[in-house]
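Below is final.txt, which holds compact mmCIF, C-alpha atoms and all ligand atoms.
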```txt
# COMPACT_ATOMS: atom_id res chain seq x y z
CA MET M 1 0.00 0.00 0.00
CA ILE M 2 1.71 3.24 -1.10
CA THR M 3 1.22 5.43 1.97
CA PHE M 4 1.99 9.15 2.08
CA ILE M 5 2.67 10.53 5.56
CA PHE M 6 2.21 14.28 5.19
CA ASP M 7 2.92 15.50 8.73
CA PRO M 8 5.76 14.58 11.09
CA ILE M 9 5.05 11.55 13.27
CA ASP M 10 7.06 9.97 16.09
CA PRO M 11 10.30 8.35 14.78
CA SER M 12 9.40 4.92 16.22
CA ALA M 13 5.95 5.13 14.61
CA LEU M 14 7.59 6.04 11.28
CA GLN M 15 9.88 3.02 11.61
CA TYR M 16 6.81 0.87 12.36
CA ALA M 17 5.06 2.30 9.26
CA LYS M 18 8.07 1.47 7.08
CA GLU M 19 8.04 -2.14 8.31
CA LYS M 20 4.37 -2.56 7.37
CA LEU M 21 3.77 -0.28 4.38
CA ASP M 22 5.39 1.28 1.33
CA VAL M 23 5.99 4.75 2.82
CA VAL M 24 6.64 8.19 1.38
CA ALA M 25 7.42 10.40 4.39
CA TRP M 26 7.13 14.18 4.84
CA THR M 27 10.93 14.50 4.55
CA ASP M 28 11.11 12.67 1.16
CA LYS M 29 11.19 14.84 -1.93
CA GLU M 30 8.57 12.54 -3.57
CA ILE M 31 6.01 13.89 -1.04
CA GLU M 32 5.23 16.78 -3.43
CA ASN M 33 3.85 14.42 -6.06
CA TYR M 34 1.15 12.49 -4.24
CA SER M 35 -0.83 11.26 -7.24
CA THR M 36 0.23 7.63 -6.57
CA ALA M 37 -1.03 7.61 -2.95
CA GLU M 38 -3.25 4.65 -2.03
CA ALA M 39 -3.30 5.54 1.68
CA VAL M 40 -2.44 8.72 3.60
CA ILE M 41 -1.67 9.50 7.23
CA VAL M 42 -2.49 13.09 8.25
CA ARG M 43 -2.31 15.19 11.40
CA THR M 44 -3.14 18.74 10.28
CA PHE M 45 -2.60 18.35 6.51
CA LYS M 46 -5.87 19.37 4.82
CA MET M 47 -7.57 16.63 2.84
CA THR M 48 -9.78 18.93 0.76
CA GLN M 49 -11.82 17.88 -2.25
CA GLU M 50 -9.10 19.31 -4.49
CA VAL M 51 -6.34 17.29 -2.79
CA ILE M 52 -8.44 14.10 -2.78
CA ASP M 53 -9.10 14.54 -6.51
CA GLN M 54 -5.36 14.49 -7.13
CA MET M 55 -5.13 10.98 -5.64
CA PRO M 56 -7.12 8.73 -8.00
CA ASN M 57 -6.00 5.52 -6.21
CA LEU M 58 -6.71 6.75 -2.68
CA LYS M 59 -8.54 4.15 -0.55
CA ILE M 60 -8.00 5.24 3.04
CA ILE M 61 -7.28 8.42 5.01
CA ALA M 62 -5.88 7.57 8.45
CA LYS M 63 -6.10 10.49 10.89
CA HIS M 64 -3.28 10.65 13.45
CA GLY M 65 -5.44 11.86 16.38
CA VAL M 66 -9.15 12.33 16.97
CA GLY M 67 -10.60 15.49 15.38
CA VAL M 68 -11.22 14.96 11.65
CA ASP M 69 -12.03 18.61 10.91
CA ASN M 70 -9.11 18.79 8.40
CA ILE M 71 -10.74 16.11 6.21
CA ASP M 72 -13.62 16.66 3.77
CA LEU M 73 -15.60 13.75 5.19
CA ASP M 74 -18.60 14.09 2.88
CA TYR M 75 -16.45 14.07 -0.21
CA ALA M 76 -14.35 11.13 1.02
CA LYS M 77 -17.56 9.20 1.71
CA ARG M 78 -18.95 9.98 -1.74
CA LYS M 79 -15.72 8.67 -3.30
CA GLY M 80 -15.87 5.51 -1.16
CA ILE M 81 -12.67 6.40 0.70
CA ARG M 82 -12.42 5.02 4.26
CA VAL M 83 -11.60 7.57 6.98
CA THR M 84 -10.22 6.35 10.31
CA ASN M 85 -8.90 8.01 13.49
CA THR M 86 -7.23 6.99 16.75
CA PRO M 87 -9.70 8.04 19.47
CA GLN M 88 -8.24 6.01 22.34
CA ALA M 89 -4.63 7.02 21.73
CA ASN M 90 -4.50 10.39 23.47
CA MET M 91 -7.31 10.37 26.03
CA HIS M 92 -5.05 9.89 29.07
CA SER M 93 -2.75 12.67 27.89
CA VAL M 94 -5.63 15.14 27.50
CA ALA M 95 -7.22 14.10 30.82
CA GLU M 96 -3.88 14.55 32.60
CA LEU M 97 -3.51 18.01 31.05
CA VAL M 98 -6.96 18.95 32.42
CA ILE M 99 -5.78 17.98 35.90
CA GLY M 100 -2.51 19.86 35.44
CA LEU M 101 -4.45 22.96 34.39
CA ALA M 102 -6.86 22.61 37.31
CA LEU M 103 -3.98 22.48 39.81
CA ASN M 104 -2.08 25.21 38.01
CA CYS M 105 -5.09 27.53 38.09
CA SER M 106 -6.24 26.70 41.63
CA ARG M 107 -2.71 27.25 43.01
CA LYS M 108 -1.79 30.10 40.61
CA ILE M 109 1.43 28.34 39.65
CA ASN M 110 2.11 30.38 36.50
CA LEU M 111 1.49 33.65 38.34
CA SER M 112 3.75 32.48 41.19
CA GLN M 113 6.53 31.80 38.71
CA LYS M 114 6.11 35.27 37.17
CA MET M 115 6.20 36.90 40.61
CA VAL M 116 9.32 34.99 41.63
CA GLU M 117 11.02 36.03 38.40
CA LYS M 118 10.18 39.68 39.07
CA GLY M 119 11.49 39.41 42.66
CA ILE M 120 9.43 39.00 45.84
CA SER M 121 9.82 40.69 49.21
CA LYS M 122 8.08 38.04 51.34
CA ASN M 123 6.91 34.43 51.16
CA SER M 124 3.28 33.35 50.66
CA PRO M 125 2.04 36.63 49.10
CA VAL M 126 -1.67 37.24 49.71
CA GLU M 127 -2.38 37.57 46.00
CA LEU M 128 -1.12 34.02 45.41
CA ALA M 129 -3.63 32.40 47.77
CA GLY M 130 -5.31 29.53 45.93
CA PHE M 131 -7.73 26.78 46.87
CA GLU M 132 -7.64 22.99 47.36
CA LEU M 133 -9.27 20.52 45.00
CA GLN M 134 -9.89 18.08 47.85
CA GLU M 135 -13.63 17.23 48.06
CA LYS M 136 -14.57 20.07 45.73
CA THR M 137 -16.98 19.65 42.81
CA ILE M 138 -16.06 19.16 39.16
CA GLY M 139 -18.68 19.75 36.48
CA LEU M 140 -17.96 17.75 33.34
CA ILE M 141 -19.49 19.09 30.15
CA GLY M 142 -19.37 15.97 27.98
CA LEU M 143 -18.94 12.45 29.32
CA GLY M 144 -17.05 10.80 26.48
CA ARG M 145 -13.60 9.24 26.63
CA ILE M 146 -11.80 12.29 28.03
CA GLY M 147 -14.56 13.55 30.33
CA THR M 148 -14.94 10.11 31.92
CA LEU M 149 -11.21 9.84 32.60
CA VAL M 150 -11.06 13.35 34.06
CA GLY M 151 -13.91 12.45 36.42
CA HIS M 152 -12.29 9.21 37.56
CA LYS M 153 -8.85 10.72 38.05
CA LEU M 154 -10.17 13.67 40.09
CA LYS M 155 -12.43 11.45 42.15
CA ALA M 156 -9.57 9.04 42.90
CA ALA M 157 -6.97 11.70 43.64
CA PHE M 158 -9.02 14.37 45.44
CA SER M 159 -12.33 12.70 46.36
CA MET M 160 -14.08 15.25 44.18
CA ASN M 161 -17.82 15.13 43.53
CA VAL M 162 -18.38 14.63 39.83
CA LEU M 163 -21.38 16.22 38.10
CA VAL M 164 -22.11 15.56 34.44
CA TYR M 165 -23.91 17.52 31.75
CA ASP M 166 -24.23 15.37 28.63
CA PRO M 167 -27.68 15.01 27.02
CA TYR M 168 -26.51 11.83 25.26
CA THR M 169 -25.54 10.02 28.47
CA SER M 170 -28.03 8.21 30.71
CA GLU M 171 -28.48 8.64 34.44
CA LEU M 172 -27.63 4.95 34.85
CA GLN M 173 -24.37 5.33 32.93
CA CYS M 174 -23.39 8.28 35.13
CA SER M 175 -24.27 6.52 38.37
CA GLU M 176 -22.33 3.41 37.29
CA GLU M 177 -19.28 5.67 36.97
CA GLY M 178 -19.99 7.12 40.42
CA PHE M 179 -21.01 10.47 38.90
CA ILE M 180 -24.24 12.51 39.10
CA LYS M 181 -26.11 13.41 35.92
CA TYR M 182 -27.57 16.91 35.55
CA ASP M 183 -30.10 17.69 32.86
CA CYS M 184 -29.55 21.41 32.98
CA LEU M 185 -26.30 23.15 32.02
CA GLU M 186 -27.19 26.16 34.19
CA ASP M 187 -27.37 24.02 37.36
CA ILE M 188 -24.01 22.40 36.80
CA LEU M 189 -22.41 25.81 36.19
CA LYS M 190 -23.89 27.13 39.45
CA GLU M 191 -22.66 24.20 41.55
CA SER M 192 -19.17 23.41 40.23
CA ASP M 193 -15.82 24.64 41.53
CA ILE M 194 -14.20 23.51 38.29
CA VAL M 195 -15.96 23.20 34.96
CA SER M 196 -14.17 21.14 32.30
CA ILE M 197 -15.31 20.97 28.67
CA SER M 198 -14.86 17.75 26.65
CA VAL M 199 -17.45 17.93 23.85
CA PRO M 200 -17.05 18.09 20.06
CA LEU M 201 -17.56 21.40 18.28
CA THR M 202 -21.04 21.29 16.73
CA LYS M 203 -23.79 23.83 16.04
CA ALA M 204 -25.14 23.01 19.54
CA THR M 205 -21.80 23.51 21.32
CA GLU M 206 -20.50 26.59 19.47
CA ASN M 207 -20.53 29.49 21.96
CA LEU M 208 -21.95 27.11 24.60
CA ILE M 209 -20.19 29.23 27.22
CA SER M 210 -20.78 32.95 26.79
CA ALA M 211 -21.38 35.89 29.18
CA ARG M 212 -24.64 34.50 30.58
CA GLU M 213 -23.18 31.08 31.39
CA LEU M 214 -20.04 32.64 32.91
CA SER M 215 -22.22 34.83 35.12
CA LEU M 216 -23.87 31.70 36.54
CA MET M 217 -20.57 30.20 37.68
CA LYS M 218 -19.27 30.57 41.23
CA LYS M 219 -17.05 33.59 41.78
CA ASN M 220 -14.25 31.23 42.88
CA ALA M 221 -14.69 28.71 40.03
CA ILE M 222 -12.29 27.70 37.27
CA LEU M 223 -13.20 27.03 33.63
CA ILE M 224 -11.07 24.59 31.59
CA ASN M 225 -11.43 23.89 27.87
CA THR M 226 -9.33 21.25 26.12
CA ALA M 227 -11.97 20.47 23.46
CA ARG M 228 -12.36 23.10 20.72
CA GLY M 229 -11.87 26.87 20.97
CA LYS M 230 -15.16 28.06 19.52
CA ILE M 231 -17.13 26.37 22.32
CA ILE M 232 -16.27 29.39 24.51
CA ASN M 233 -16.86 33.01 23.58
CA GLU M 234 -13.33 34.32 24.19
CA THR M 235 -14.34 38.00 24.40
CA ASP M 236 -16.90 37.21 27.09
CA LEU M 237 -14.34 35.08 28.94
CA TYR M 238 -11.83 37.95 28.82
CA HIS M 239 -14.37 40.31 30.43
CA ALA M 240 -15.32 37.69 33.04
CA LEU M 241 -11.65 37.21 34.01
CA GLN M 242 -10.94 40.96 34.08
CA ASN M 243 -14.00 41.65 36.23
CA GLY M 244 -13.52 38.76 38.68
CA VAL M 245 -16.72 37.01 37.55
CA ILE M 246 -14.79 33.72 37.92
CA PHE M 247 -11.51 32.81 39.67
CA GLY M 248 -9.62 31.68 36.57
CA ALA M 249 -9.62 29.89 33.26
CA ALA M 250 -7.31 27.58 31.36
CA LEU M 251 -7.60 26.96 27.63
CA ASP M 252 -5.67 24.52 25.47
CA VAL M 253 -7.74 25.38 22.40
CA PHE M 254 -8.67 28.68 20.78
CA ALA M 255 -11.02 30.02 18.13
CA GLU M 256 -7.98 30.84 15.98
CA GLU M 257 -4.92 28.63 16.33
CA PRO M 258 -2.11 29.09 16.99
CA ILE M 259 -3.13 31.75 19.52
CA SER M 260 -1.67 35.19 18.75
CA LYS M 261 0.78 36.64 21.27
CA ASN M 262 -1.43 39.75 21.28
CA HIS M 263 -4.55 37.85 22.34
CA PRO M 264 -6.36 39.86 25.08
CA LEU M 265 -6.68 36.76 27.31
CA LEU M 266 -2.90 36.74 27.71
CA THR M 267 -3.13 40.02 29.63
CA CYS M 268 -5.19 38.35 32.41
CA ASP M 269 -3.21 37.10 35.42
CA ASN M 270 -5.93 34.54 36.11
CA PHE M 271 -5.62 32.97 32.66
CA ILE M 272 -3.47 30.04 31.54
CA GLY M 273 -3.05 29.16 27.86
CA THR M 274 -1.40 26.14 26.28
CA PRO M 275 -0.96 25.70 22.50
CA HIS M 276 -3.29 22.76 21.69
CA ASN M 277 -0.94 20.61 23.70
CA GLY M 278 -3.41 18.05 25.07
CA ALA M 279 -2.19 15.10 23.04
CA ASN M 280 1.42 16.24 22.93
CA THR M 281 3.08 13.51 24.96
CA VAL M 282 5.59 10.95 23.74
CA ASP M 283 3.16 8.23 24.84
CA ALA M 284 0.22 9.59 22.86
CA LEU M 285 2.35 10.47 19.82
CA ILE M 286 3.62 6.88 19.57
CA ARG M 287 0.09 5.50 20.05
CA MET M 288 -1.43 7.88 17.47
CA GLY M 289 1.31 7.12 14.90
CA THR M 290 1.27 3.35 15.27
CA GLY M 291 -2.54 3.40 15.60
CA ALA M 292 -2.90 5.16 12.23
CA VAL M 293 -0.60 2.56 10.64
CA ASP M 294 -2.61 -0.28 12.22
CA GLU M 295 -5.83 1.13 10.71
CA ILE M 296 -4.29 0.95 7.23
CA VAL M 297 -2.98 -2.58 7.83
CA ARG M 298 -6.43 -3.67 9.10
CA PHE M 299 -8.04 -2.16 5.99
CA LEU M 300 -5.57 -4.06 3.78
CA LYS M 301 -6.48 -7.36 5.43
CA GLN M 302 -10.25 -6.92 4.84
P1 LIG B 1 -16.02 11.72 22.79
O1 LIG B 1 -16.68 11.65 21.47
O2 LIG B 1 -15.58 10.45 23.42
O3 LIG B 1 -16.98 12.45 23.84
C1 LIG B 1 -17.69 13.63 23.54
C2 LIG B 1 -18.90 13.66 24.47
O4 LIG B 1 -19.55 14.91 24.28
C3 LIG B 1 -19.91 12.56 24.20
O5 LIG B 1 -20.18 11.82 25.37
C4 LIG B 1 -21.16 13.32 23.74
O6 LIG B 1 -22.36 12.70 24.15
C5 LIG B 1 -20.96 14.66 24.41
N1 LIG B 1 -21.70 15.75 23.80
C6 LIG B 1 -21.94 15.96 22.48
N2 LIG B 1 -22.67 17.09 22.32
C7 LIG B 1 -22.90 17.59 23.57
C8 LIG B 1 -23.59 18.72 24.05
N3 LIG B 1 -24.23 19.56 23.23
N4 LIG B 1 -23.59 18.95 25.38
C9 LIG B 1 -22.98 18.10 26.25
N5 LIG B 1 -22.32 16.98 25.83
C10 LIG B 1 -22.28 16.74 24.51
O7 LIG B 1 -14.80 12.74 22.62
P2 LIG B 1 -13.45 12.81 23.47
O8 LIG B 1 -12.47 11.88 22.88
O9 LIG B 1 -13.78 12.76 24.89
O10 LIG B 1 -12.96 14.28 23.05
C11 LIG B 1 -13.68 15.42 23.45
C12 LIG B 1 -13.17 16.64 22.73
O11 LIG B 1 -11.78 16.82 23.00
C13 LIG B 1 -13.27 16.60 21.20
O12 LIG B 1 -13.70 17.87 20.74
C14 LIG B 1 -11.88 16.41 20.72
O13 LIG B 1 -11.66 16.94 19.45
C15 LIG B 1 -11.11 17.17 21.80
N6 LIG B 1 -9.71 16.76 21.89
C16 LIG B 1 -8.77 17.71 22.12
C17 LIG B 1 -7.44 17.34 22.22
C18 LIG B 1 -6.38 18.36 22.53
O14 LIG B 1 -5.24 18.17 22.13
N7 LIG B 1 -6.71 19.42 23.25
C19 LIG B 1 -7.07 16.01 22.03
C20 LIG B 1 -8.07 15.06 21.84
C21 LIG B 1 -9.40 15.45 21.74
```
Using the file provided, produce a representation of the structure as C-alpha cells.
Ligand code: NAD
Amino acid sequence: MITFIFDPIDPSALQYAKEKLDVVAWTDKEIENYSTAEAVIVRTFKMTQEVIDQMPNLKIIAKHGVGVDNIDLDYAKRKGIRVTNTPQANMHSVAELVIGLALNCSRKINLSQKMVEKGISKNSPVELAGFELQEKTIGLIGLGRIGTLVGHKLKAAFSMNVLVYDPYTSELQCSEEGFIKYDCLEDILKESDIVSISVPLTKATENLISARELSLMKKNAILINTARGKIINETDLYHALQNGVIFGAALDVFAEEPISKNHPLLTCDNFIGTPHNGANTVDALIRMGTGAVDEIVRFLKQ
C-alpha cells in the first residue's frame, strides 16, 4: 500500500510504518507528487476535495489523532474512501492536562513563577492564595472518553464530587461511573468549583459558554477547555476574568490557532493558555502514529 505521511510523526511510529507499508514520508522529496497515494496519514494536513481529486488511487485516510475537521468527510464518503482516526490514543494525555491545568489555576502556579522572576519581598504573598481541589466539585461538560477519565482521576486523587452535563448520556451510565447526571447546564455551572469541557464542536456547542453562562458560575470557580476553541466566547471570557466574575480559566484550544501573542486573554493574570498541547506527549504520539498505521494494515487485510 503506497502510503503518504504528510505531517511529522514519532520516529518509532515512522519506523513501524516502514516495516508494514510502502511509505513516502514528509521529509522525502517525492512527497510533493502524491498522485500515486493509495493511503495517507495526516495530522493537520488538509484533505480537501481538491487534494483528494489528485489521488485517483486513494482508498484510506488515516487520521493521526481524533478530530477529523481537516478532512472533507462528505467528499471522502462519496468517493468511497475510508476515513479512520485513533480516538483512544490520546485520552489519558488530555485528561492529565486537564488535571494539570486545574492544579495550576487553583494554586496560581504560573502567576507564582512570574512573581518569583520579578522578585518578591516576602513568602506566601496574599495575592497568590489559591484553593484545594480536595472534596470540591467538578462539572464535566461531555462524558465521552476524556470527560470520563477526568472524572475518575479527580475522584480518585481528590475525592471530588463529579457532576455531568451530557444530554446523550443516561443517568444509569453516570451513576455506574460514580457520577451525578444533571439535565440542565445552568445548574451544573452554578454548583461546580471547576468546569471542564470535553465535547465536540457542533452547532449546539459553538458558543456554549458565553457571558450569561459565565455569570452563573461561582465567583471562585475555574473554567477549563481542552476540546475546541469556539465552544467558549473568548471576548466574554476575557471580560469575566478581568472583572472577577470567575476565579480563573485555562484553555488549550482557541477560536484561531495558533493563539496570537497579542490575544487579550494573555493580559489576564488569572488565565493560563497552552498551545493545543493536550495530546502532545511521547506516549500519545507513539500510540497515534502506530494506531494510524494499524488502521491501514487492518483495511488491507479486509
Ligand atoms: P467523545 O466523542 O468520546 O466524547 C464527547 C462527548 O460529548 C460525548 O459523550 C457526547 O455525548 C458529548 N456531547 C456531544 N454534544 C454535547 C452537548 N451539546 N452537550 C454536552 N455533551 C455533549 O470525545 P473525546 O475523545 O472525549 O474528546 C472530546 C473533545 O476533546 C473533542 O472535541 C476532541 O476533538 C477534543 N480533543 C482535544 C485534544 C487536545 O489536544 N486538546 C485532544 C483530543 C481530543
> With distances taken over all atoms listed in the file, which of M:Lys181, M:Lys261, M:Arg82, M:Lys219 is nearest to ligand LIG 1 (chain B)?
Replying inline: M:Lys181
> Which chains and residue numbers are within 9 Å of ligand LIG 1 (chain B), counting only C-alpha atoms and all ligand atoms, if I want them as a ChimeraX atom specification?
Replying inline: /M:65-69,87-91,93-95,97,140-149,164-169,185,197-206,208,225-228,251-253,275-280
> Within 9 Å of M:Asn57, counting all atoms listed in the file, which residues qualify if same-chain residues fewer than 2 places away don't, as a ChimeraX atom specification?
Replying inline: /M:35-39,55,59
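Atom pair atom CA of M:Lys190 / atom CA of M:Arg107 has a distance of 21.5 Å (rounded to one decimal).
Taking all atoms listed in the file into account, M:Leu154 lies nearest to M:Ala102 out of the set M:Ile5, M:Leu128, M:Ala102, M:Leu14.
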> How many Å separate atom CA of M:Ile188 from atom CA of M:Asn161?
Replying inline: 11.7 Å
At a cut-off of 9 Å, using all atoms listed in the file, what residues contact M:Gly289? Leave out same-chain residues fewer than 5 positions from it and give the result as a PDB file with C-alpha atoms, in the frame of the given file.
```
ATOM      1  CA  ILE M   9       5.050  11.550  13.270  1.00  0.00           C
ATOM      2  CA  ASP M  10       7.060   9.970  16.090  1.00  0.00           C
ATOM      3  CA  SER M  12       9.400   4.920  16.220  1.00  0.00           C
ATOM      4  CA  ALA M  13       5.950   5.130  14.610  1.00  0.00           C
ATOM      5  CA  LEU M  14       7.590   6.040  11.280  1.00  0.00           C
ATOM      6  CA  TYR M  16       6.810   0.870  12.360  1.00  0.00           C
ATOM      7  CA  ALA M  17       5.060   2.300   9.260  1.00  0.00           C
ATOM      8  CA  ILE M  41      -1.670   9.500   7.230  1.00  0.00           C
ATOM      9  CA  HIS M  64      -3.280  10.650  13.450  1.00  0.00           C
ATOM     10  CA  GLY M  65      -5.440  11.860  16.380  1.00  0.00           C
ATOM     11  CA  THR M  86      -7.230   6.990  16.750  1.00  0.00           C
ATOM     12  CA  ALA M 284       0.220   9.590  22.860  1.00  0.00           C
ATOM     13  CA  ASP M 294      -2.610  -0.280  12.220  1.00  0.00           C
TER      14      ASP M 294
END
```
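Considering the residues M:Leu133, M:Ile272, M:Leu285, M:Val51 and counting only C-alpha atoms, M:Ile109 has its shortest atom-to-atom contact with M:Ile272.
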>> Which residues are close to M:Ser124, i.e. within 12 Å by only C-alpha atoms, leaving aside same-chain residues fewer than 3 positions away? Reply as a ChimeraX atom specification.
In response: /M:107-108,112,115-116,120-121,127-130
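The interatomic distance for the pair atom CA of M:His239 and atom CA of M:Gly139 works out to 21.9 Å.
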>> For a cutoff of 10 Å around the file-coordinate point (-0.6, 31.1, 30.1), which residues qualify once you count only C-alpha atoms? I'd like the result as a PyMOL selection string.
In response: chain M and resi 101+104-105+110-111+249-252+265-275
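Ranking M:Ile61, M:Val83, M:Ile232, M:Ile224 by their shortest atom-to-atom distance to M:Arg212, with only C-alpha atoms included, puts M:Ile232 first.
Take the candidates M:Ala156, M:Ile194, M:Leu163, M:Ala240 and check each one against M:Glu213 using all atoms listed in the file; the shortest distance goes to M:Ala240.
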> Between M:Gln113, M:Ser106, M:Thr281, M:Asn243, which one has atoms that come closest to M:Ile222, using all atoms listed in the file?
Replying inline: M:Ser106
Who sits within 12 Å of M:Lys20, only C-alpha atoms, same chain under 5 positions skipped, as a compact mmCIF listing (two decimals) with C-alpha atoms, keeping the file's coordinate frame:
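Dumped to selection35.txt:
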```txt
# COMPACT_ATOMS: atom_id res chain seq x y z
CA MET M 1 0.00 0.00 0.00
CA ILE M 2 1.71 3.24 -1.10
CA THR M 3 1.22 5.43 1.97
CA ALA M 13 5.95 5.13 14.61
CA LEU M 14 7.59 6.04 11.28
CA GLN M 15 9.88 3.02 11.61
CA THR M 290 1.27 3.35 15.27
CA ALA M 292 -2.90 5.16 12.23
CA VAL M 293 -0.60 2.56 10.64
CA ASP M 294 -2.61 -0.28 12.22
CA GLU M 295 -5.83 1.13 10.71
CA ILE M 296 -4.29 0.95 7.23
CA VAL M 297 -2.98 -2.58 7.83
CA ARG M 298 -6.43 -3.67 9.10
CA LEU M 300 -5.57 -4.06 3.78
```
